[in-house]
file final21.txt (compact mmCIF, N, CA and C atoms)
# COMPACT_ATOMS: atom_id res chain seq x y z
N MET A 1 -28.88 -84.05 31.11
CA MET A 1 -28.95 -82.67 31.52
C MET A 1 -28.22 -81.77 30.52
N THR A 2 -27.06 -82.18 30.05
CA THR A 2 -26.31 -81.39 29.08
C THR A 2 -27.09 -81.23 27.78
N ALA A 3 -27.76 -82.30 27.34
CA ALA A 3 -28.56 -82.24 26.12
C ALA A 3 -29.71 -81.25 26.28
N LEU A 4 -30.37 -81.25 27.44
CA LEU A 4 -31.47 -80.33 27.69
C LEU A 4 -30.97 -78.88 27.67
N LEU A 5 -29.85 -78.63 28.28
CA LEU A 5 -29.27 -77.28 28.28
C LEU A 5 -28.92 -76.84 26.87
N SER A 6 -28.37 -77.73 26.07
CA SER A 6 -28.03 -77.40 24.68
C SER A 6 -29.27 -77.04 23.88
N ILE A 7 -30.33 -77.78 24.09
CA ILE A 7 -31.58 -77.51 23.37
C ILE A 7 -32.15 -76.15 23.80
N LEU A 8 -32.13 -75.88 25.09
CA LEU A 8 -32.65 -74.61 25.58
C LEU A 8 -31.84 -73.43 25.02
N LEU A 9 -30.54 -73.59 24.93
CA LEU A 9 -29.71 -72.53 24.38
C LEU A 9 -30.00 -72.30 22.90
N LEU A 10 -30.27 -73.37 22.17
CA LEU A 10 -30.60 -73.24 20.76
C LEU A 10 -31.94 -72.56 20.55
N LEU A 11 -32.88 -72.80 21.45
CA LEU A 11 -34.22 -72.23 21.33
C LEU A 11 -34.33 -70.83 21.91
N ALA A 12 -33.37 -70.43 22.72
CA ALA A 12 -33.41 -69.11 23.34
C ALA A 12 -33.26 -68.03 22.28
N PRO A 13 -34.00 -66.92 22.42
CA PRO A 13 -33.86 -65.85 21.44
C PRO A 13 -32.47 -65.23 21.51
N ALA A 14 -32.02 -64.74 20.38
CA ALA A 14 -30.73 -64.06 20.34
C ALA A 14 -30.80 -62.82 21.23
N ALA A 15 -29.67 -62.42 21.74
CA ALA A 15 -29.63 -61.23 22.60
C ALA A 15 -30.13 -60.03 21.80
N ARG A 16 -31.12 -59.37 22.35
CA ARG A 16 -31.68 -58.19 21.69
C ARG A 16 -30.88 -56.96 22.08
N PRO A 17 -30.84 -56.02 21.16
CA PRO A 17 -30.18 -54.76 21.50
C PRO A 17 -30.94 -54.04 22.60
N GLY A 18 -30.29 -53.08 23.20
CA GLY A 18 -30.96 -52.23 24.17
C GLY A 18 -31.97 -51.33 23.47
N TYR A 19 -32.96 -50.91 24.22
CA TYR A 19 -34.05 -50.07 23.69
C TYR A 19 -33.84 -48.65 24.16
N LEU A 20 -33.81 -47.70 23.22
CA LEU A 20 -33.56 -46.30 23.56
C LEU A 20 -34.84 -45.48 23.67
N GLY A 21 -35.91 -45.92 23.04
CA GLY A 21 -37.20 -45.26 23.19
C GLY A 21 -37.38 -43.97 22.41
N PHE A 22 -36.71 -43.85 21.26
CA PHE A 22 -36.98 -42.71 20.39
C PHE A 22 -36.72 -43.07 18.94
N SER A 23 -37.43 -42.39 18.05
CA SER A 23 -37.18 -42.57 16.62
C SER A 23 -36.53 -41.29 16.10
N PHE A 24 -35.88 -41.40 14.96
CA PHE A 24 -35.08 -40.28 14.46
C PHE A 24 -34.96 -40.38 12.95
N THR A 25 -34.47 -39.31 12.36
CA THR A 25 -34.02 -39.34 10.98
C THR A 25 -32.56 -38.91 10.99
N MET A 26 -31.77 -39.57 10.14
CA MET A 26 -30.35 -39.25 10.05
C MET A 26 -30.13 -38.26 8.91
N HIS A 27 -29.30 -37.27 9.15
CA HIS A 27 -28.99 -36.24 8.15
C HIS A 27 -27.48 -36.10 8.02
N SER A 28 -27.04 -35.74 6.82
CA SER A 28 -25.61 -35.52 6.56
C SER A 28 -25.45 -34.26 5.74
N GLY A 29 -24.34 -33.58 5.98
CA GLY A 29 -24.02 -32.41 5.17
C GLY A 29 -22.74 -31.77 5.65
N ALA A 30 -22.00 -31.22 4.71
CA ALA A 30 -20.76 -30.49 5.01
C ALA A 30 -19.83 -31.29 5.93
N GLY A 31 -19.72 -32.58 5.68
CA GLY A 31 -18.78 -33.41 6.44
C GLY A 31 -19.24 -33.80 7.83
N SER A 32 -20.49 -33.55 8.16
CA SER A 32 -20.98 -33.94 9.48
C SER A 32 -22.32 -34.67 9.37
N GLN A 33 -22.68 -35.33 10.45
CA GLN A 33 -23.96 -36.04 10.52
C GLN A 33 -24.65 -35.70 11.82
N TRP A 34 -25.96 -35.83 11.82
CA TRP A 34 -26.74 -35.60 13.02
C TRP A 34 -28.05 -36.37 12.92
N LEU A 35 -28.64 -36.61 14.06
CA LEU A 35 -29.94 -37.28 14.13
C LEU A 35 -30.95 -36.27 14.65
N ILE A 36 -32.08 -36.16 13.98
CA ILE A 36 -33.18 -35.34 14.46
C ILE A 36 -34.16 -36.28 15.16
N VAL A 37 -34.42 -36.02 16.42
CA VAL A 37 -35.36 -36.83 17.19
C VAL A 37 -36.76 -36.53 16.68
N ARG A 38 -37.49 -37.56 16.31
CA ARG A 38 -38.84 -37.40 15.78
C ARG A 38 -39.91 -37.72 16.82
N VAL A 39 -39.78 -38.88 17.45
CA VAL A 39 -40.78 -39.33 18.43
C VAL A 39 -40.04 -39.84 19.66
N VAL A 40 -40.53 -39.48 20.83
CA VAL A 40 -39.99 -39.98 22.09
C VAL A 40 -41.11 -40.75 22.78
N VAL A 41 -40.84 -42.01 23.10
CA VAL A 41 -41.84 -42.85 23.76
C VAL A 41 -42.02 -42.37 25.20
N PRO A 42 -43.26 -42.05 25.59
CA PRO A 42 -43.49 -41.61 26.97
C PRO A 42 -42.97 -42.65 27.98
N ASP A 43 -42.31 -42.19 29.00
CA ASP A 43 -41.76 -43.03 30.07
C ASP A 43 -40.67 -43.99 29.60
N GLY A 44 -40.20 -43.85 28.35
CA GLY A 44 -39.12 -44.69 27.86
C GLY A 44 -37.77 -44.13 28.25
N PRO A 45 -36.69 -44.82 27.90
CA PRO A 45 -35.35 -44.37 28.27
C PRO A 45 -35.03 -42.95 27.78
N ALA A 46 -35.41 -42.62 26.55
CA ALA A 46 -35.11 -41.28 26.03
C ALA A 46 -35.87 -40.20 26.80
N ALA A 47 -37.14 -40.47 27.09
CA ALA A 47 -37.95 -39.51 27.85
C ALA A 47 -37.36 -39.30 29.24
N LYS A 48 -36.94 -40.38 29.88
CA LYS A 48 -36.34 -40.28 31.21
C LYS A 48 -35.04 -39.50 31.18
N ALA A 49 -34.34 -39.53 30.03
CA ALA A 49 -33.08 -38.79 29.89
C ALA A 49 -33.31 -37.33 29.52
N GLY A 50 -34.57 -36.97 29.22
CA GLY A 50 -34.87 -35.59 28.89
C GLY A 50 -34.85 -35.26 27.41
N LEU A 51 -34.77 -36.26 26.55
CA LEU A 51 -34.81 -36.04 25.10
C LEU A 51 -36.24 -35.69 24.68
N VAL A 52 -36.38 -34.78 23.75
CA VAL A 52 -37.70 -34.39 23.25
C VAL A 52 -37.65 -34.31 21.73
N PRO A 53 -38.82 -34.41 21.08
CA PRO A 53 -38.84 -34.27 19.62
C PRO A 53 -38.20 -32.96 19.18
N MET A 54 -37.49 -33.04 18.08
CA MET A 54 -36.75 -31.95 17.45
C MET A 54 -35.39 -31.68 18.10
N ASP A 55 -35.01 -32.41 19.13
CA ASP A 55 -33.63 -32.34 19.61
C ASP A 55 -32.74 -32.88 18.50
N THR A 56 -31.49 -32.42 18.48
CA THR A 56 -30.52 -32.86 17.49
C THR A 56 -29.37 -33.56 18.20
N VAL A 57 -29.13 -34.82 17.85
CA VAL A 57 -28.03 -35.60 18.43
C VAL A 57 -26.84 -35.46 17.49
N THR A 58 -25.71 -34.98 18.02
CA THR A 58 -24.53 -34.76 17.19
C THR A 58 -23.38 -35.73 17.49
N ALA A 59 -23.42 -36.38 18.65
CA ALA A 59 -22.35 -37.33 19.01
C ALA A 59 -22.90 -38.32 20.03
N ILE A 60 -22.26 -39.48 20.05
CA ILE A 60 -22.60 -40.53 21.02
C ILE A 60 -21.32 -40.92 21.73
N ASP A 61 -21.35 -40.84 23.05
CA ASP A 61 -20.17 -41.13 23.88
C ASP A 61 -18.94 -40.35 23.42
N GLY A 62 -19.16 -39.09 23.08
CA GLY A 62 -18.06 -38.20 22.70
C GLY A 62 -17.55 -38.38 21.29
N LYS A 63 -18.14 -39.28 20.52
CA LYS A 63 -17.69 -39.51 19.14
C LYS A 63 -18.71 -38.92 18.18
N LEU A 64 -18.22 -38.07 17.28
CA LEU A 64 -19.11 -37.51 16.27
C LEU A 64 -19.71 -38.63 15.43
N LEU A 65 -20.90 -38.40 14.94
CA LEU A 65 -21.55 -39.41 14.10
C LEU A 65 -20.84 -39.48 12.76
N ARG A 66 -20.36 -40.65 12.42
CA ARG A 66 -19.63 -40.88 11.16
C ARG A 66 -20.02 -42.26 10.62
N PHE A 67 -21.21 -42.36 10.06
CA PHE A 67 -21.69 -43.62 9.54
C PHE A 67 -21.80 -43.53 8.03
N ARG A 68 -21.38 -44.59 7.35
CA ARG A 68 -21.41 -44.62 5.89
C ARG A 68 -22.84 -44.45 5.38
N ASP A 69 -23.80 -45.09 6.06
CA ASP A 69 -25.20 -45.01 5.68
C ASP A 69 -26.06 -45.44 6.87
N ASP A 70 -27.36 -45.48 6.65
CA ASP A 70 -28.24 -45.83 7.77
C ASP A 70 -28.07 -47.27 8.24
N LEU A 71 -27.63 -48.16 7.36
CA LEU A 71 -27.39 -49.54 7.77
C LEU A 71 -26.23 -49.61 8.77
N GLU A 72 -25.18 -48.85 8.52
CA GLU A 72 -24.06 -48.83 9.46
C GLU A 72 -24.49 -48.25 10.81
N LEU A 73 -25.35 -47.24 10.80
CA LEU A 73 -25.88 -46.70 12.05
C LEU A 73 -26.72 -47.74 12.78
N LEU A 74 -27.59 -48.44 12.06
CA LEU A 74 -28.42 -49.47 12.69
C LEU A 74 -27.56 -50.61 13.25
N ASP A 75 -26.50 -50.95 12.55
CA ASP A 75 -25.58 -51.98 13.07
C ASP A 75 -24.94 -51.51 14.37
N PHE A 76 -24.56 -50.23 14.44
CA PHE A 76 -24.01 -49.69 15.68
C PHE A 76 -25.03 -49.76 16.80
N LEU A 77 -26.25 -49.33 16.53
CA LEU A 77 -27.30 -49.34 17.55
C LEU A 77 -27.59 -50.77 18.04
N ALA A 78 -27.39 -51.75 17.16
CA ALA A 78 -27.63 -53.14 17.54
C ALA A 78 -26.60 -53.66 18.54
N THR A 79 -25.50 -52.93 18.73
CA THR A 79 -24.48 -53.36 19.70
C THR A 79 -24.79 -52.86 21.11
N ILE A 80 -25.76 -51.97 21.23
CA ILE A 80 -26.12 -51.42 22.54
C ILE A 80 -26.88 -52.48 23.33
N ARG A 81 -26.54 -52.64 24.59
CA ARG A 81 -27.15 -53.66 25.44
C ARG A 81 -28.05 -53.02 26.49
N PRO A 82 -29.08 -53.75 26.92
CA PRO A 82 -29.92 -53.23 28.01
C PRO A 82 -29.05 -52.84 29.22
N ARG A 83 -29.41 -51.75 29.87
CA ARG A 83 -28.75 -51.17 31.03
C ARG A 83 -27.46 -50.43 30.68
N GLN A 84 -27.06 -50.45 29.42
CA GLN A 84 -25.87 -49.70 29.00
C GLN A 84 -26.20 -48.21 29.01
N HIS A 85 -25.27 -47.40 29.48
CA HIS A 85 -25.43 -45.95 29.49
C HIS A 85 -24.73 -45.35 28.29
N LEU A 86 -25.38 -44.40 27.64
CA LEU A 86 -24.81 -43.67 26.52
C LEU A 86 -24.90 -42.18 26.82
N ARG A 87 -23.86 -41.46 26.46
CA ARG A 87 -23.86 -40.00 26.61
C ARG A 87 -24.12 -39.41 25.22
N LEU A 88 -25.27 -38.77 25.07
CA LEU A 88 -25.62 -38.16 23.80
C LEU A 88 -25.31 -36.66 23.85
N SER A 89 -24.57 -36.17 22.87
CA SER A 89 -24.39 -34.73 22.72
C SER A 89 -25.59 -34.24 21.93
N VAL A 90 -26.30 -33.27 22.51
CA VAL A 90 -27.60 -32.86 21.98
C VAL A 90 -27.65 -31.34 21.85
N ILE A 91 -28.30 -30.90 20.80
CA ILE A 91 -28.67 -29.49 20.69
C ILE A 91 -30.16 -29.42 20.99
N HIS A 92 -30.48 -28.73 22.09
CA HIS A 92 -31.86 -28.59 22.55
C HIS A 92 -32.19 -27.10 22.62
N LYS A 93 -33.15 -26.68 21.79
CA LYS A 93 -33.52 -25.26 21.74
C LYS A 93 -32.29 -24.37 21.55
N GLN A 94 -31.45 -24.74 20.61
CA GLN A 94 -30.25 -24.01 20.21
C GLN A 94 -29.16 -23.96 21.27
N GLN A 95 -29.27 -24.80 22.29
CA GLN A 95 -28.25 -24.88 23.33
C GLN A 95 -27.61 -26.27 23.31
N LYS A 96 -26.29 -26.33 23.37
CA LYS A 96 -25.60 -27.61 23.45
C LYS A 96 -25.72 -28.15 24.86
N THR A 97 -26.04 -29.43 24.96
CA THR A 97 -26.18 -30.09 26.25
C THR A 97 -25.86 -31.57 26.08
N ALA A 98 -25.86 -32.28 27.16
CA ALA A 98 -25.64 -33.73 27.12
C ALA A 98 -26.81 -34.42 27.80
N ARG A 99 -27.15 -35.58 27.29
CA ARG A 99 -28.20 -36.40 27.89
C ARG A 99 -27.61 -37.79 28.10
N ILE A 100 -27.76 -38.29 29.31
CA ILE A 100 -27.32 -39.65 29.62
C ILE A 100 -28.55 -40.55 29.54
N ILE A 101 -28.49 -41.51 28.67
CA ILE A 101 -29.61 -42.41 28.45
C ILE A 101 -29.20 -43.82 28.83
N GLN A 102 -30.05 -44.49 29.57
CA GLN A 102 -29.79 -45.89 29.92
C GLN A 102 -30.72 -46.75 29.08
N ALA A 103 -30.13 -47.61 28.26
CA ALA A 103 -30.92 -48.47 27.38
C ALA A 103 -31.78 -49.41 28.21
N GLY A 104 -33.00 -49.60 27.73
CA GLY A 104 -33.93 -50.52 28.39
C GLY A 104 -33.97 -51.85 27.66
N VAL A 105 -34.90 -52.68 28.06
CA VAL A 105 -35.12 -53.98 27.41
C VAL A 105 -36.07 -53.76 26.25
N MET A 106 -35.71 -54.26 25.09
CA MET A 106 -36.51 -54.06 23.89
C MET A 106 -37.72 -54.97 23.87
N THR A 107 -38.89 -54.39 23.61
CA THR A 107 -40.12 -55.17 23.52
C THR A 107 -40.14 -55.97 22.21
N ASP A 108 -41.04 -56.94 22.13
CA ASP A 108 -41.19 -57.72 20.90
C ASP A 108 -41.52 -56.81 19.72
N GLU A 109 -42.44 -55.87 19.93
CA GLU A 109 -42.85 -54.96 18.86
C GLU A 109 -41.68 -54.10 18.38
N ALA A 110 -40.93 -53.54 19.30
CA ALA A 110 -39.78 -52.71 18.93
C ALA A 110 -38.71 -53.55 18.22
N TYR A 111 -38.53 -54.79 18.68
CA TYR A 111 -37.54 -55.66 18.05
C TYR A 111 -37.94 -55.98 16.61
N GLU A 112 -39.22 -56.30 16.40
CA GLU A 112 -39.70 -56.57 15.03
C GLU A 112 -39.50 -55.35 14.14
N ARG A 113 -39.81 -54.17 14.68
CA ARG A 113 -39.64 -52.94 13.92
C ARG A 113 -38.16 -52.72 13.57
N SER A 114 -37.26 -53.04 14.51
CA SER A 114 -35.83 -52.87 14.24
C SER A 114 -35.36 -53.81 13.14
N LEU A 115 -35.91 -55.03 13.11
CA LEU A 115 -35.54 -55.97 12.05
C LEU A 115 -36.03 -55.50 10.69
N ILE A 116 -37.23 -54.94 10.64
CA ILE A 116 -37.77 -54.41 9.39
C ILE A 116 -36.94 -53.23 8.93
N ASN A 117 -36.58 -52.33 9.84
CA ASN A 117 -35.74 -51.18 9.48
C ASN A 117 -34.40 -51.65 8.91
N ARG A 118 -33.83 -52.68 9.51
CA ARG A 118 -32.55 -53.20 9.02
C ARG A 118 -32.69 -53.79 7.62
N GLN A 119 -33.78 -54.53 7.39
CA GLN A 119 -34.02 -55.10 6.05
C GLN A 119 -34.15 -54.00 5.00
N MET A 120 -34.88 -52.94 5.33
CA MET A 120 -35.04 -51.83 4.38
C MET A 120 -33.72 -51.14 4.12
N ALA A 121 -32.91 -50.95 5.16
CA ALA A 121 -31.61 -50.31 5.00
C ALA A 121 -30.68 -51.17 4.15
N THR A 122 -30.76 -52.47 4.33
CA THR A 122 -29.95 -53.39 3.52
C THR A 122 -30.34 -53.29 2.05
N ARG A 123 -31.62 -53.24 1.77
CA ARG A 123 -32.08 -53.10 0.38
C ARG A 123 -31.62 -51.79 -0.23
N ARG A 124 -31.70 -50.69 0.55
CA ARG A 124 -31.24 -49.40 0.02
C ARG A 124 -29.75 -49.45 -0.32
N ARG A 125 -28.96 -50.10 0.53
CA ARG A 125 -27.52 -50.20 0.25
C ARG A 125 -27.29 -51.04 -1.00
N ASP A 126 -28.02 -52.15 -1.14
CA ASP A 126 -27.87 -53.02 -2.31
C ASP A 126 -28.20 -52.28 -3.61
N VAL A 127 -29.22 -51.44 -3.58
CA VAL A 127 -29.61 -50.68 -4.76
C VAL A 127 -28.53 -49.68 -5.13
N ARG A 128 -27.88 -49.08 -4.15
CA ARG A 128 -26.83 -48.07 -4.41
C ARG A 128 -25.55 -48.67 -4.95
N GLN A 129 -25.33 -49.95 -4.67
CA GLN A 129 -24.05 -50.56 -5.09
C GLN A 129 -24.09 -51.06 -6.49

call {"tool": "encode", "arguments": {"input": "final21.txt", "output": "structure tokens"}}
result
Amino acid sequence: MTALLSILLLLAPAARPGYLGFSFTMHSGAGSQWLIVRVVVPDGPAAKAGLVPMDTVTAIDGKLLRFRDDLELLDFLATIRPRQHLRLSVIHKQQKTARIIQAGVMTDEAYERSLINRQMATRRRDVRQ
């Protein structure tokens, strides 16, 4: 029985990050960073939280965005777990507001896309160094 459990644990997929249901571009300037929401998946966690395209995310859980590059941001996002709640500080139609988003379970397609994004970010960092 112990051997069977060990094999199952080895074959089990690694814990996937939580799924937020939106894509973004990261911007930096004058000592600050922000994310511009590009696409919000209908009925996904971001849509349920009220996020819409062109919203600007300026902080997560009260912490200003301070990432060295997009790889560091992706590494942070990889720590988010399904059902975890995040408080996003958002500028929506020139008004500051907060959106509480509950991460969902990441689909196979979204997970594959996240791995590709991470590979591309790693290559960009390697080229810069």

call {"tool": "residues_around", "arguments": {"input": "final21.txt", "residues": "Arg87 (chain A)", "least_positions_apart": "2", "cutoff": "12 Å", "atoms": "only C-alpha atoms", "output": "PyMOL selection string"}}
result
chain A and resi 20+46+49+51+57-64+84-85+89-90+97-103

call {"tool": "closest_residue", "arguments": {"input": "final21.txt", "among": "A:Arg128, A:Arg38, A:Gly50, A:Thr56", "to": "His92 (chain A)", "atoms": "only N, CA and C atoms"}}
result
A:Thr56

call {"tool": "residues_around", "arguments": {"input": "final21.txt", "residues": "region 112-126 of chain A", "least_positions_apart": "4", "cutoff": "7 Å", "atoms": "only C-alpha atoms", "output": "compact mmCIF listing (two decimals) with N, CA and C atoms, in the coordinates of the input"}}
result
# COMPACT_ATOMS: atom_id res chain seq x y z
N ASP A 70 -27.36 -45.48 6.65
CA ASP A 70 -28.24 -45.83 7.77
C ASP A 70 -28.07 -47.27 8.24
N LEU A 71 -27.63 -48.16 7.36
CA LEU A 71 -27.39 -49.54 7.77
C LEU A 71 -26.23 -49.61 8.77
N LEU A 74 -27.59 -48.44 12.06
CA LEU A 74 -28.42 -49.47 12.69
C LEU A 74 -27.56 -50.61 13.25
N ASP A 108 -41.04 -56.94 22.13
CA ASP A 108 -41.19 -57.72 20.90
C ASP A 108 -41.52 -56.81 19.72

call {"tool": "atom_distance", "arguments": {"input": "final21.txt", "atom1": "atom C of Lys48 (chain A)", "atom2": "atom C of Asp75 (chain A)"}}
result
23.0 Å

call {"tool": "atom_distance", "arguments": {"input": "final21.txt", "atom1": "CA of Arg16 (chain A)", "atom2": "CA of Met106 (chain A)"}}
result
6.7 Å

call {"tool": "select_by_dssp", "arguments": {"input": "final21.txt", "residues": "region 32-104 of chain A", "states": "alpha helix (DSSP H)", "output": "ChimeraX atom specification"}}
result
/A:45-49,70-77

call {"tool": "atom_distance", "arguments": {"input": "final21.txt", "atom1": "CA of Tyr111 (chain A)", "atom2": "CA of Arg68 (chain A)"}}
result
23.0 Å

call {"tool": "residues_around", "arguments": {"input": "final21.txt", "residues": "Ser32 (chain A)", "least_positions_apart": "3", "cutoff": "8 Å", "atoms": "only C-alpha atoms", "output": "ChimeraX atom specification"}}
result
/A:28-29,64-66

call {"tool": "select_by_dssp", "arguments": {"input": "final21.txt", "residues": "region 18-84 of chain A", "states": "strand (DSSP E or B)", "output": "PyMOL selection string"}}
result
chain A and resi 18-19+22-29+32-40+56-60+63-64

call {"tool": "closest_residue", "arguments": {"input": "final21.txt", "among": "A:Pro45, A:Phe22, A:Lys96, A:Ala110", "to": "Arg83 (chain A)", "atoms": "only C-alpha atoms"}}
result
A:Pro45

call {"tool": "decode", "arguments": {"input": "final21.txt", "residues": "region 71-83 of chain A", "atoms": "C-alpha atoms", "output": "compact mmCIF listing (two decimals), in the first residue's frame"}}
result
# COMPACT_ATOMS: atom_id res chain seq x y z
CA LEU A 71 9.48 36.90 -14.56
CA GLU A 72 9.40 38.04 -10.93
CA LEU A 73 5.72 38.99 -11.36
CA LEU A 74 4.93 35.59 -12.89
CA ASP A 75 6.75 33.87 -10.01
CA PHE A 76 4.59 35.84 -7.57
CA LEU A 77 1.40 34.89 -9.42
CA ALA A 78 2.50 31.24 -9.30
CA THR A 79 2.25 31.36 -5.49
CA ILE A 80 -1.48 32.11 -5.60
CA ARG A 81 -3.62 29.09 -4.73
CA PRO A 82 -7.16 28.20 -5.79
CA ARG A 83 -9.78 29.75 -3.45
